[in-house]
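Right, one structure below, let's go through it.
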Protein chains: 4
Amino acid sequence: MRHRTLARPRYGDTDQGGVIHHRTAIDWFEVGRTELLRDTGFSYAKFERDLKLRLPVVEAHAEYKSPAFYDDEVLIESWITDVGRVRFTVRHRIVDHVSGRLITTGHTALACTTFGGRVTALPAELTLALHPYIEQPPATGRSHP
Amino acid sequence: MRHRTLARPRYGDTDQGGVIHHRTAIDWFEVGRTELLRDTGFSYAKFERDLKLRLPVVEAHAEYKSPAFYDDEVLIESWITDVGRVRFTVRHRIVDHVSGRLITTGHTALACTTFGGRVTALPAELTLALHPYIEQPPATGRSHP
Amino acid sequence: MRHRTLARPRYGDTDQGGVIHHRTAIDWFEVGRTELLRDTGFSYAKFERDLKLRLPVVEAHAEYKSPAFYDDEVLIESWITDVGRVRFTVRHRIVDHVSGRLITTGHTALACTTFGGRVTALPAELTLALHPYIEQPPATGRSHP
Amino acid sequence: MRHRTLARPRYGDTDQGGVIHHRTAIDWFEVGRTELLRDTGFSYAKFERDLKLRLPVVEAHAEYKSPAFYDDEVLIESWITDVGRVRFTVRHRIVDHVSGRLITTGHTALACTTFGGRVTALPAELTLALHPYIEQPPATGRSHP
């Protein structure tokens, strides 16, 4: 299952090329995985507060397929792959909300650490919560469909 | 005395109006007061780490006189006014480094707090360190010359 | 009448003080006035595109009353004052959405310019559209209640 | 040859995890390739202005090896690989300036487009200017040493 949420680019997200600056994809990936986690009942804010664990980003990747424009809402699709003992990957596909035009694909990989920064096993309740959003990556070819 | 430091706007700081987005002034004010503090021998990083105190911004004000442009270095002038028991003000004047054209004036007011957020007296050694950069505001008229 | 919209701070909006960095208020002011304009039927995106005019920020002011926290939705109230021939002011009041605790007050002043940067009169249809959101500032005392 | 430049993280770049937020790597990559281009005598500002061409980012990738911290200067190494007809890749290695500790590796791929967004051939003078900074990627193994 893919999680879907909307975001609206601000004027401050544009650049003088007349499009949304590529850095904004990193923000949208963050919104996508935050809302996916919230939907599992496992809000990241609560995760940090209650379990005293963090999920720092250990890898981020974005491919820019076409520009996003000021004020045009984007649809952020997010899903999970590659759940390991200490890390997992969230994959993203961002499209124009009205036309469905593909804007950006990418992923972020997150590792579980203590507040002190030591890598540690993903809590079983998190792995379980992620389950509905896990998708097997395609057996061949492009990793970010 | 006024402290002077340079900053160079990035492409990500521009907006589709073809100028530097107004939010960037807040970043420049931060650079200005951070480098002023460093020059007093009282780096803010060290301040937080050693004294376990913070200087959160309690007021920020910016007046935009003319645009800043991509890649054109700006000169940030910073000085101190209104040093009180628990707070002080840093005033800023940002000009184009090459032409001297006035871009933005403004100020930020900082209060001293514990890590728990309780307002507390400015440490005497900070007040002392700020001394060379204190300027009396003009007796009349415009507060941000 | 005051316009109301919600925003949710992202992890990237926090700082190592454990709160939302003060720069984020500038983003929230932008969201507030963008959504206010949209509600008048006068979206800023359309304004730029159709009238070939801009509304650059000429003044921004924020007073920080208490911290905002990661993932806690804020309510942004926005209203209009001081509509002149070429500029107007949008005032903002940001509160915690759940508790109503006051976080930040402030304003941004916008001037109307051509794409070439020349200051020009506010279009009559914009002034008219703003009308429902105009509030007289209090006759005395604090300008940002 | 690798280009080297320094950047200093601001308080606004930190997050409540007590480290520099991962989005900042995208800014550092931008600083790295902007300064590399300036050193070739081919400043990107001039490139846009004179040739009426842009170099939008078509791919961005970052691997986070260890945290960066507030106010600790980082050294950004940048070099060029994979120069094609319409695109090239800038690779980056970011280390702590004092200790040399590896913080982030990654790359951005840039394509040449007209102001209208049509992909077009890299100008010969750009390809030539990049020449001193071209490095062959290692024949095997890790692509971001």
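Labels used: A, B, ... for chains in the order of the structure tokens, numbers from 1 for residues in each chain, and numbers from 1 for ligands as shown.
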
Please provide as an mmCIF file with C-alpha atoms, in the first residue's frame all residues within 10 Å of stretch 90-93 of chain D, with the sequence filter that same-chain residues fewer than 4 positions apart are discarded (counting only C-alpha atoms).
data_model
loop_
_atom_site.group_PDB
_atom_site.id
_atom_site.type_symbol
_atom_site.label_atom_id
_atom_site.label_comp_id
_atom_site.auth_asym_id
_atom_site.auth_seq_id
_atom_site.Cartn_x
_atom_site.Cartn_y
_atom_site.Cartn_z
ATOM 1 C CA ARG D 2 39.472 18.356 -6.508
ATOM 2 C CA HIS D 3 38.090 21.747 -5.659
ATOM 3 C CA ARG D 4 38.004 22.641 -1.961
ATOM 4 C CA ALA D 25 24.063 18.591 2.468
ATOM 5 C CA TRP D 28 26.726 22.329 0.648
ATOM 6 C CA PHE D 29 26.701 20.476 -2.666
ATOM 7 C CA GLU D 30 25.371 23.689 -4.233
ATOM 8 C CA GLY D 32 30.749 23.201 -3.731
ATOM 9 C CA ARG D 33 29.754 23.185 -7.400
ATOM 10 C CA LEU D 36 34.196 24.993 -8.467
ATOM 11 C CA ALA D 60 20.929 14.362 -6.178
ATOM 12 C CA HIS D 61 22.366 11.686 -3.894
ATOM 13 C CA ALA D 62 23.785 11.881 -0.382
ATOM 14 C CA GLU D 63 25.183 9.265 2.013
ATOM 15 C CA LEU D 75 35.505 21.234 4.015
ATOM 16 C CA ILE D 76 33.617 20.547 0.773
ATOM 17 C CA GLU D 77 35.578 18.675 -1.893
ATOM 18 C CA SER D 78 34.004 18.697 -5.369
ATOM 19 C CA TRP D 79 35.086 17.189 -8.656
ATOM 20 C CA ILE D 80 33.594 16.248 -12.027
ATOM 21 C CA THR D 81 32.787 12.894 -13.593
ATOM 22 C CA ASP D 82 30.615 11.594 -16.419
ATOM 23 C CA VAL D 83 30.666 14.585 -18.754
ATOM 24 C CA LEU D 102 34.134 12.024 6.867
ATOM 25 C CA ILE D 103 30.621 13.499 7.159
ATOM 26 C CA THR D 104 28.822 13.069 3.825
ATOM 27 C CA THR D 105 29.531 11.836 0.308
ATOM 28 C CA GLY D 106 27.279 12.309 -2.681
ATOM 29 C CA HIS D 107 26.769 13.781 -6.089
ATOM 30 C CA THR D 108 24.487 15.975 -8.131
ATOM 31 C CA ALA D 109 23.917 15.516 -11.852
ATOM 32 C CA LEU D 110 23.178 18.632 -13.894
ATOM 33 C CA TYR D 133 38.387 19.052 -12.281
ATOM 34 C CA ILE D 134 37.452 15.853 -14.155
ATOM 35 C CA GLU D 135 38.370 12.670 -12.327
ATOM 36 C CA PRO D 137 35.565 7.275 -11.243
ATOM 37 C CA SER D 143 31.251 5.085 -6.566
ATOM 38 C CA HIS D 144 31.655 7.724 -3.844
ATOM 39 C CA PRO D 145 35.033 7.171 -2.239
#

DSSP-assigned alpha helix (DSSP H) members of chain A, reported as a ChimeraX atom specification: /A:24-39,44-51,124-130

Selection near stretch 40-49 of chain A, 7 Å with only C-alpha atoms, sequence-local residues under 6 positions removed, as a VMD selection string: (chain A and resid 34 129 to 130) or (chain C and resid 71)

Test item: chain B residues at most 7 Å from chain A, counting only C-alpha atoms, as a PyMOL selection string: chain B and resi 11-12+14-18+21

Separation of atom CA of C:Leu55 from atom CA of C:Phe88 in Å: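 Computed distance, atom CA of C:Phe88 to atom CA of C:Leu55, equals 9.6 Å.
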
Between atom CA of D:Thr114 and atom CA of C:Leu53 - distance in Å to one decimal: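 Answer for the atom CA of C:Leu53 to atom CA of D:Thr114 separation: 24.6 Å.
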
Computed interatomic separation between atom CA of A:Met1 and atom CA of A:Leu128 (Å): 14.3 Å

Expected answer as a ChimeraX atom specification: strand (DSSP E) residues in chain A: /A:3-7,53-54,57-64,74-81,87-96,102-111,113-114
